[in-house]
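> Got a file for you: final-v1.cif, mmCIF, C-alpha atoms.
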data_data
#
loop_
_atom_site.group_PDB
_atom_site.id
_atom_site.type_symbol
_atom_site.label_atom_id
_atom_site.label_comp_id
_atom_site.auth_asym_id
_atom_site.auth_seq_id
_atom_site.Cartn_x
_atom_site.Cartn_y
_atom_site.Cartn_z
ATOM 1 C CA MET A 1 158.294 102.035 161.427
ATOM 2 C CA SER A 2 161.491 103.724 162.447
ATOM 3 C CA ALA A 3 163.245 105.823 159.830
ATOM 4 C CA ALA A 4 166.595 104.587 161.135
ATOM 5 C CA GLU A 5 165.975 101.052 159.955
ATOM 6 C CA PRO A 6 167.393 99.749 156.698
ATOM 7 C CA THR A 7 165.307 100.562 153.685
ATOM 8 C CA GLN A 8 164.475 98.794 150.433
ATOM 9 C CA ASP A 9 163.926 102.051 148.632
ATOM 10 C CA HIS A 10 166.734 101.656 146.186
ATOM 11 C CA ALA A 11 166.294 97.986 145.410
ATOM 12 C CA ASN A 12 164.415 97.064 142.288
ATOM 13 C CA ASP A 13 163.320 93.702 143.547
ATOM 14 C CA PHE A 14 161.074 93.068 146.455
ATOM 15 C CA VAL A 15 162.341 90.653 149.075
ATOM 16 C CA PRO A 16 159.296 89.387 150.924
ATOM 17 C CA ASP A 17 159.492 89.051 154.674
ATOM 18 C CA HIS A 18 157.155 86.114 155.057
ATOM 19 C CA ASP A 19 156.783 86.432 158.808
ATOM 20 C CA ARG A 20 155.877 90.068 158.410
ATOM 21 C CA LEU A 21 153.383 89.404 155.649
ATOM 22 C CA ARG A 22 151.756 86.646 157.636
ATOM 23 C CA ALA A 23 151.521 88.878 160.692
ATOM 24 C CA ARG A 24 149.923 91.615 158.591
ATOM 25 C CA TYR A 25 147.366 89.159 157.317
ATOM 26 C CA ALA A 26 146.686 87.863 160.823
ATOM 27 C CA GLU A 27 146.219 91.391 162.097
ATOM 28 C CA ARG A 28 143.625 92.043 159.451
ATOM 29 C CA LEU A 29 141.791 88.875 160.440
ATOM 30 C CA ARG A 30 141.895 89.888 164.097
ATOM 31 C CA GLN A 31 140.444 93.269 163.230
ATOM 32 C CA ALA A 32 137.629 91.446 161.442
ATOM 33 C CA GLY A 33 136.946 89.429 164.591
ATOM 34 C CA VAL A 34 138.282 86.135 163.263
ATOM 35 C CA PRO A 35 139.361 83.800 166.091
ATOM 36 C CA ASN A 36 142.652 81.912 165.930
ATOM 37 C CA ALA A 37 143.900 84.513 163.491
ATOM 38 C CA ASP A 38 147.514 83.370 163.699
ATOM 39 C CA VAL A 39 146.560 79.818 162.761
ATOM 40 C CA ALA A 40 144.339 81.032 159.962
ATOM 41 C CA ALA A 41 147.077 83.289 158.620
ATOM 42 C CA ALA A 42 149.699 80.569 158.826
ATOM 43 C CA VAL A 43 147.589 78.119 156.851
ATOM 44 C CA ALA A 44 146.558 80.726 154.304
ATOM 45 C CA ALA A 45 150.131 81.884 153.889
ATOM 46 C CA THR A 46 151.421 78.373 153.353
ATOM 47 C CA ARG A 47 148.790 77.553 150.783
ATOM 48 C CA GLY A 48 148.890 80.985 149.163
ATOM 49 C CA ARG A 49 152.669 81.020 148.754
ATOM 50 C CA ALA A 50 152.427 77.624 147.132
ATOM 51 C CA GLY A 51 149.715 79.001 144.881
ATOM 52 C CA GLU A 52 147.574 75.965 145.506
ATOM 53 C CA THR A 53 143.822 75.655 145.481
ATOM 54 C CA VAL A 54 142.136 74.455 148.641
ATOM 55 C CA GLU A 55 141.577 71.095 147.026
ATOM 56 C CA ALA A 56 145.167 70.635 145.895
ATOM 57 C CA PHE A 57 146.545 71.760 149.227
ATOM 58 C CA ALA A 58 144.183 69.461 151.118
ATOM 59 C CA ALA A 59 145.079 66.529 148.903
ATOM 60 C CA ARG A 60 148.788 67.132 149.426
ATOM 61 C CA LEU A 61 148.304 67.147 153.189
ATOM 62 C CA ARG A 62 145.802 64.319 153.106
ATOM 63 C CA VAL A 63 143.071 66.226 154.856
ATOM 64 C CA GLU A 64 139.576 67.121 153.801
ATOM 65 C CA PRO A 65 139.216 70.460 151.991
ATOM 66 C CA ASP A 66 136.735 71.479 154.672
ATOM 67 C CA VAL A 67 139.526 71.270 157.208
ATOM 68 C CA VAL A 68 141.631 73.708 155.229
ATOM 69 C CA VAL A 69 138.697 76.059 154.829
ATOM 70 C CA ALA A 70 137.946 75.858 158.535
ATOM 71 C CA ALA A 71 141.568 76.459 159.491
ATOM 72 C CA GLU A 72 141.844 79.484 157.210
ATOM 73 C CA GLY A 73 138.562 80.715 158.631
ATOM 74 C CA GLY A 74 139.978 80.680 162.131
ATOM 75 C CA GLU A 75 137.814 77.850 163.335
ATOM 76 C CA ILE A 76 140.672 75.595 164.430
ATOM 77 C CA PRO A 77 143.148 76.415 167.210
ATOM 78 C CA TRP A 78 146.771 75.298 167.018
ATOM 79 C CA ASN A 79 146.247 72.318 169.288
ATOM 80 C CA ALA A 80 143.440 70.971 167.119
ATOM 81 C CA LEU A 81 145.197 71.192 163.761
ATOM 82 C CA PRO A 82 145.719 67.912 161.916
ATOM 83 C CA ASP A 83 149.218 66.490 162.284
ATOM 84 C CA SER A 84 150.041 66.984 158.626
ATOM 85 C CA LEU A 85 149.468 70.708 158.950
ATOM 86 C CA VAL A 86 151.383 70.978 162.204
ATOM 87 C CA LYS A 87 154.321 69.136 160.626
ATOM 88 C CA LEU A 88 154.216 71.495 157.686
ATOM 89 C CA PHE A 89 154.695 74.483 159.964
ATOM 90 C CA SER A 90 157.239 72.859 162.200
ATOM 91 C CA SER A 91 159.333 71.966 159.189
ATOM 92 C CA GLY A 92 159.253 75.587 158.062
ATOM 93 C CA MET B 1 155.148 90.651 131.007
ATOM 94 C CA THR B 2 155.382 87.228 129.452
ATOM 95 C CA PRO B 3 152.215 85.417 128.381
ATOM 96 C CA GLU B 4 152.873 82.847 131.086
ATOM 97 C CA ARG B 5 153.046 85.468 133.802
ATOM 98 C CA THR B 6 150.003 87.231 132.427
ATOM 99 C CA MET B 7 148.102 83.975 132.555
ATOM 100 C CA ARG B 8 149.263 83.335 136.094
ATOM 101 C CA LEU B 9 148.227 86.823 137.158
ATOM 102 C CA GLU B 10 144.792 86.249 135.695
ATOM 103 C CA GLU B 11 144.503 82.974 137.605
ATOM 104 C CA ILE B 12 145.384 84.665 140.874
ATOM 105 C CA MET B 13 143.002 87.547 140.273
ATOM 106 C CA ALA B 14 140.247 85.099 139.374
ATOM 107 C CA ALA B 15 140.848 83.203 142.606
ATOM 108 C CA LEU B 16 140.736 86.447 144.574
ATOM 109 C CA ALA B 17 137.549 87.436 142.788
ATOM 110 C CA ALA B 18 136.080 84.096 143.814
ATOM 111 C CA GLY B 19 136.843 84.906 147.426
ATOM 112 C CA ASP B 20 140.039 82.947 147.966
ATOM 113 C CA ARG B 21 141.798 85.457 150.201
ATOM 114 C CA ALA B 22 144.848 83.246 150.700
ATOM 115 C CA MET B 23 145.778 84.135 147.156
ATOM 116 C CA VAL B 24 146.953 87.541 148.376
ATOM 117 C CA PHE B 25 150.062 85.600 149.402
ATOM 118 C CA ALA B 26 150.398 84.226 145.891
ATOM 119 C CA LEU B 27 150.013 87.721 144.509
ATOM 120 C CA VAL B 28 152.730 89.058 146.784
ATOM 121 C CA GLU B 29 154.959 86.058 146.218
ATOM 122 C CA GLU B 30 154.772 86.208 142.447
ATOM 123 C CA PHE B 31 154.110 89.880 141.739
ATOM 124 C CA GLY B 32 155.522 91.534 144.831
ATOM 125 C CA THR B 33 158.150 93.383 142.836
ATOM 126 C CA GLU B 34 155.468 95.145 140.808
ATOM 127 C CA LEU B 35 153.429 95.970 143.900
ATOM 128 C CA ALA B 36 156.518 97.176 145.718
ATOM 129 C CA ALA B 37 157.417 99.438 142.824
ATOM 130 C CA GLN B 38 154.082 101.146 143.124
ATOM 131 C CA VAL B 39 154.399 101.488 146.885
ATOM 132 C CA ARG B 40 157.873 102.948 146.551
ATOM 133 C CA ARG B 41 156.597 105.396 143.953
ATOM 134 C CA VAL B 42 153.971 106.763 146.316
ATOM 135 C CA ALA B 43 156.524 107.141 149.084
ATOM 136 C CA ARG B 44 159.048 108.738 146.758
ATOM 137 C CA ASP B 45 156.457 111.190 145.467
ATOM 138 C CA HIS B 46 156.137 112.409 149.014
ATOM 139 C CA ASN B 47 159.852 112.339 149.808
ATOM 140 C CA ARG B 48 159.466 109.444 152.166
ATOM 141 C CA SER B 49 161.856 106.521 152.654
ATOM 142 C CA LEU B 50 160.465 103.139 153.566
ATOM 143 C CA THR B 51 161.903 100.582 155.890
ATOM 144 C CA SER B 52 161.825 96.958 154.853
ATOM 145 C CA GLU B 53 159.047 96.354 157.358
ATOM 146 C CA GLU B 54 156.983 99.243 156.036
ATOM 147 C CA LEU B 55 157.432 98.064 152.499
ATOM 148 C CA ASN B 56 156.287 94.552 153.363
ATOM 149 C CA ASP B 57 153.254 95.883 155.224
ATOM 150 C CA LEU B 58 152.308 98.169 152.385
ATOM 151 C CA VAL B 59 152.801 95.533 149.720
ATOM 152 C CA MET B 60 150.430 93.295 151.659
ATOM 153 C CA ASP B 61 147.968 96.158 152.038
ATOM 154 C CA SER B 62 148.174 96.730 148.298
ATOM 155 C CA ALA B 63 147.423 93.071 147.709
ATOM 156 C CA PHE B 64 144.366 93.387 149.924
ATOM 157 C CA VAL B 65 143.207 96.362 147.896
ATOM 158 C CA LEU B 66 143.501 94.321 144.722
ATOM 159 C CA ALA B 67 141.658 91.432 146.367
ATOM 160 C CA ASP B 68 138.836 93.793 147.265
ATOM 161 C CA VAL B 69 138.390 94.941 143.675
ATOM 162 C CA ALA B 70 139.374 91.719 141.932
ATOM 163 C CA SER B 71 135.835 90.921 140.840
ATOM 164 C CA ALA B 72 135.634 94.203 138.926
ATOM 165 C CA TRP B 73 138.965 93.807 137.162
ATOM 166 C CA LYS B 74 138.774 92.519 133.605
ATOM 167 C CA PRO B 75 141.863 90.784 132.246
ATOM 168 C CA ASP B 76 141.033 91.931 128.741
ATOM 169 C CA GLY B 77 140.709 95.527 129.853
ATOM 170 C CA GLY B 78 144.289 96.329 128.970
ATOM 171 C CA ALA B 79 145.516 97.532 132.350
ATOM 172 C CA LEU B 80 147.340 95.425 134.894
ATOM 173 C CA PRO B 81 145.387 95.225 138.144
ATOM 174 C CA TRP B 82 147.770 97.434 140.129
ATOM 175 C CA THR B 83 147.618 100.004 137.366
ATOM 176 C CA TRP B 84 143.884 99.725 137.016
ATOM 177 C CA ALA B 85 143.400 100.144 140.788
ATOM 178 C CA ARG B 86 146.282 102.558 141.151
ATOM 179 C CA GLY B 87 144.210 105.233 142.805
ATOM 180 C CA ARG B 88 142.949 102.931 145.518
ATOM 181 C CA VAL B 89 146.379 101.469 146.119
ATOM 182 C CA ARG B 90 147.939 104.899 146.339
ATOM 183 C CA ALA B 91 145.261 106.050 148.757
ATOM 184 C CA VAL B 92 145.861 103.130 151.083
ATOM 185 C CA VAL B 93 149.625 103.521 150.936
ATOM 186 C CA PHE B 94 149.399 107.249 151.483
ATOM 187 C CA ALA B 95 147.095 106.851 154.468
ATOM 188 C CA GLU B 96 149.344 104.210 156.020
ATOM 189 C CA ILE B 97 152.465 106.309 155.632
ATOM 190 C CA PHE B 98 151.072 109.659 156.634
ATOM 191 C CA GLY B 99 148.441 108.687 159.148
ATOM 192 C CA PRO B 100 144.915 107.502 159.559
ATOM 193 C CA TYR B 101 143.317 110.506 157.932
ATOM 194 C CA PRO B 102 141.041 109.190 155.161
ATOM 195 C CA ILE B 103 142.415 109.979 151.726
ATOM 196 C CA ASP B 104 140.562 109.636 148.493
ATOM 197 C CA PRO B 105 142.369 108.587 145.319
ATOM 198 C CA ALA B 106 141.152 111.828 143.805
ATOM 199 C CA ASP B 107 143.292 113.683 146.257
ATOM 200 C CA LEU B 108 146.398 111.953 145.015
ATOM 201 C CA ALA B 109 145.377 112.403 141.410
ATOM 202 C CA VAL B 110 144.889 116.074 142.129
ATOM 203 C CA GLU B 111 148.351 116.297 143.596
ATOM 204 C CA GLU B 112 149.791 114.914 140.375
ATOM 205 C CA ASP B 113 147.913 117.325 138.163
ATOM 206 C CA PRO B 114 148.910 120.977 138.349
ATOM 207 C CA GLU B 115 145.767 121.904 136.438
ATOM 208 C CA VAL B 116 143.636 120.942 139.381
ATOM 209 C CA SER B 117 143.643 123.326 142.269
ATOM 210 C CA SER B 118 141.091 121.895 144.669
ATOM 211 C CA PRO B 119 142.289 119.067 146.906
ATOM 212 C CA VAL B 120 139.545 116.623 147.802
ATOM 213 C CA ARG B 121 139.838 114.171 150.653
ATOM 214 C CA VAL B 122 137.244 111.536 151.366
ATOM 215 C CA THR B 123 137.158 107.910 152.468
ATOM 216 C CA THR B 124 138.113 105.353 149.860
ATOM 217 C CA THR B 125 135.423 102.746 150.325
ATOM 218 C CA GLU B 126 132.514 104.684 151.747
ATOM 219 C CA PRO B 127 132.889 108.296 150.855
ATOM 220 C CA ASP B 128 131.291 110.346 153.562
ATOM 221 C CA TRP B 129 131.568 113.531 151.598
ATOM 222 C CA SER B 130 129.535 115.688 153.860
ATOM 223 C CA GLY B 131 131.532 114.779 156.932
ATOM 224 C CA VAL B 132 134.903 115.017 155.272
ATOM 225 C CA PHE B 133 134.101 118.232 153.494
ATOM 226 C CA SER B 134 132.729 119.792 156.623
ATOM 227 C CA ASP B 135 135.958 118.981 158.362
ATOM 228 C CA LEU B 136 138.213 120.142 155.559
ATOM 229 C CA ALA B 137 136.113 123.120 154.621
ATOM 230 C CA SER B 138 136.898 124.638 157.955
ATOM 231 C CA LYS B 139 140.588 124.396 157.104
ATOM 232 C CA ASP B 140 140.741 125.117 153.397
ATOM 233 C CA ARG B 141 138.695 127.670 151.505
ATOM 234 C CA ARG B 142 139.058 125.743 148.231
ATOM 235 C CA VAL B 143 137.573 122.629 149.802
ATOM 236 C CA ALA B 144 134.701 124.689 151.098
ATOM 237 C CA GLU B 145 134.056 125.920 147.576
ATOM 238 C CA LEU B 146 134.223 122.395 146.191
ATOM 239 C CA ALA B 147 131.889 121.045 148.865
ATOM 240 C CA ARG B 148 129.369 123.737 148.053
ATOM 241 C CA ALA B 149 129.681 123.008 144.348
ATOM 242 C CA LEU B 150 128.964 119.310 144.894
ATOM 243 C CA GLU B 151 125.886 119.820 147.012
ATOM 244 C CA GLY B 152 123.008 117.999 145.381
ATOM 245 C CA VAL B 153 125.209 115.584 143.416
ATOM 246 C CA SER B 154 124.376 111.990 144.321
ATOM 247 C CA ALA B 155 126.981 109.858 146.084
ATOM 248 C CA ARG B 156 127.088 107.502 143.114
ATOM 249 C CA ASN B 157 127.702 110.257 140.627
ATOM 250 C CA ARG B 158 130.468 111.692 142.770
ATOM 251 C CA GLU B 159 132.094 108.271 142.894
ATOM 252 C CA VAL B 160 131.698 107.801 139.139
ATOM 253 C CA PHE B 161 133.298 111.188 138.597
ATOM 254 C CA ILE B 162 136.237 110.357 140.836
ATOM 255 C CA GLN B 163 136.742 106.899 139.402
ATOM 256 C CA PHE B 164 136.705 108.277 135.887
ATOM 257 C CA ARG B 165 139.226 110.890 136.918
ATOM 258 C CA LEU B 166 141.469 108.189 138.379
ATOM 259 C CA GLN B 167 141.130 105.660 135.594
ATOM 260 C CA LYS B 168 141.996 108.291 133.058
ATOM 261 C CA GLN B 169 145.460 108.476 134.548
ATOM 262 C CA SER B 170 146.377 105.138 133.015
ATOM 263 C CA ASP B 171 143.378 103.542 131.359
ATOM 264 C CA PRO B 172 142.909 104.131 127.620
ATOM 265 C CA SER B 173 139.156 103.596 127.928
ATOM 266 C CA PRO B 174 138.168 104.916 131.359
ATOM 267 C CA ALA B 175 134.478 105.250 130.528
ATOM 268 C CA ASN B 176 134.272 101.541 129.754
ATOM 269 C CA THR B 177 136.142 100.567 132.900
ATOM 270 C CA VAL B 178 134.099 102.800 135.177
ATOM 271 C CA GLY B 179 130.939 101.684 133.451
ATOM 272 C CA GLU B 180 131.738 98.084 134.296
ATOM 273 C CA MET B 181 132.442 99.023 137.897
ATOM 274 C CA PHE B 182 129.076 100.713 138.329
ATOM 275 C CA GLY B 183 126.911 98.765 135.899
ATOM 276 C CA LEU B 184 126.612 101.733 133.530
ATOM 277 C CA THR B 185 127.192 102.161 129.845
ATOM 278 C CA SER B 186 130.210 104.153 128.781
ATOM 279 C CA ASP B 187 127.861 106.844 127.482
ATOM 280 C CA ASN B 188 126.198 107.037 130.899
ATOM 281 C CA VAL B 189 129.578 107.480 132.509
ATOM 282 C CA ARG B 190 130.565 110.286 130.138
ATOM 283 C CA GLN B 191 127.245 112.031 130.721
ATOM 284 C CA ILE B 192 127.642 111.836 134.481
ATOM 285 C CA VAL B 193 131.199 113.114 134.306
ATOM 286 C CA LYS B 194 130.123 115.952 132.066
ATOM 287 C CA ARG B 195 127.239 116.907 134.352
ATOM 288 C CA VAL B 196 129.389 116.907 137.483
ATOM 289 C CA ARG B 197 132.126 118.855 135.733
ATOM 290 C CA ASN B 198 129.621 121.405 134.486
ATOM 291 C CA ARG B 199 128.197 121.727 137.944
ATOM 292 C CA LEU B 200 131.635 122.341 139.367
ATOM 293 C CA ARG B 201 132.464 124.764 136.592
ATOM 294 C CA SER B 202 129.279 126.729 137.100
ATOM 295 C CA ALA B 203 130.267 127.055 140.728
ATOM 296 C CA GLY B 204 133.668 128.368 139.726
ATOM 297 C CA VAL B 205 135.565 125.148 140.411
ATOM 298 C CA GLU B 206 137.601 123.921 137.463
ATOM 299 C CA VAL B 207 138.636 120.250 137.527
ATOM 300 C CA ALA B 208 140.576 118.747 134.655
ATOM 301 C CA VAL B 209 138.880 115.573 133.385
#
With the file now loaded, output its structure as structure tokens.

Amino acid sequence: MSAAEPTQDHANDFVPDHDRLRARYAERLRQAGVPNADVAAAVAATRGRAGETVEAFAARLRVEPDVVVAAEGGEIPWNALPDSLVKLFSSG
Amino acid sequence: MTPERTMRLEEIMAALAAGDRAMVFALVEEFGTELAAQVRRVARDHNRSLTSEELNDLVMDSAFVLADVASAWKPDGGALPWTWARGRVRAVVFAEIFGPYPIDPADLAVEEDPEVSSPVRVTTTEPDWSGVFSDLASKDRRVAELARALEGVSARNREVFIQFRLQKQSDPSPANTVGEMFGLTSDNVRQIVKRVRNRLRSAGVEVAV
């Protein structure tokens, strides 16, 4: 939080920094003791930005809703994510 | 706000109220400009510039605040969620900018109101009045007076009093809103506010309500 960095103070619109927002979310999960917080945050951010329900997101990725819930709950490490989710992240 | 956006906001808030925390991203994505405006306002009120990183962090923190209180927000209540929860949002933003010291929304409301002379600082979610007042009372005579005046007032009634004070900043029917938050009737809320105010007044502490 250096004061020398560029500011958004005079802009009317907010330009979201998605990496930053995701990191903030992950940090909060870590503080709450959630494991695999980065994975959980990445999945939540992807679904949340799309504004999709768990069911719709799961259907789009052809996984069970429970998998999405588990991933967002930090129960799945990167190397155990279903391919469709991994591809989603790797494609940006 | 267009009816479509209002409807979308209600959907997001309903999802948050149901426990879908990922929807904080939807809130930021779709209503980040509104949240950012509020964050900037707090910073500007305290002559503080924000970096892009700070703004993003604080917008996300604001979204978390709204997620925390989403179940209490009523779409037909008249106030947008960030207006309705303005005090809490401001408290979180203030604390993040100026340090970890716990700040109560009442403190910020007090700063905006020249009629109020006694700054009050307590935690936002679990007000530990005795601890905070003991700390502040040693530094500020007015806080010491306020702490003494509030001795014997229940924690709930203190919170009702503060919430009423905050809601009144922007809510046309604060007693109804606070009543819903605490499971009280609007008459109950007004009675509590009146009793606390009278108690403060009798102790020589005048707080505009």
> Within 8 Å of chain A, which residues of chain B are there when counting all atoms listed in the file? Please give them as a list in words.
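My answer is Arg21, Ala22, Met23, Val24, Phe25, Ala26, Val28, Glu29, Gly32, Thr33, Ala36, Ala37, Arg40, Ser49, Leu50, Thr51, Ser52, Glu53, Glu54, Leu55, Asn56, Asp57 and Met60 of chain B.
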> In terms of the shortest atom-to-atom distance over all atoms listed in the file, which of B:Gln167, B:Thr185, B:Ser62, B:Gln191 is closest to Glu96 of chain B?
B:Ser62
> Within 12 Å of Arg195 of chain B, counting all atoms listed in the file, which residues qualify if same-chain residues fewer than 2 places away don't, as a ChimeraX atom specification?
/B:149-150,152-154,157-158,160-161,188-193,197-202,209
> Could you tell me, as a list in words, exactly which residues end up selected when the PyMOL selection byres ((chain A and resi 77) around 9) is applied to this structure?
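Applied to this file, the PyMOL selection byres ((chain A and resi 77) around 9) returns Pro35, Asn36, Ala37, Asp38, Val39, Ala40, Ala71, Gly74, Glu75, Ile76, Trp78, Asn79, Ala80 and Leu81 of chain A.
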> I'd like to see the residues matched by the PyMOL selection byres ((chain B and resi 16) around 12) on this file, and ideally I'd get them as an MDAnalysis selection string.
(chainID A and resid 48 51 53) or (chainID B and resid 9:15 17:27 63:73 81)
> For a test of reading the model, state the distance in Å between atom CA of Gly33 of chain A and atom CA of Ala91 of chain B, rounded to one decimal.
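Atom CA of Ala91 of chain B lies 24.4 Å from atom CA of Gly33 of chain A.
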> Enter the distance from atom CA of Ala32 of chain A to atom CA of Phe94 of chain B, in Å, rounded to one decimal.
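Atom CA of Ala32 of chain A sits 22.1 Å away from atom CA of Phe94 of chain B.
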> Mind giving me the straight-line distance from atom CA of Asn176 of chain B to atom CA of Phe164 of chain B in Å, one decimal?
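That distance, rounded to one decimal, is 9.4 Å.
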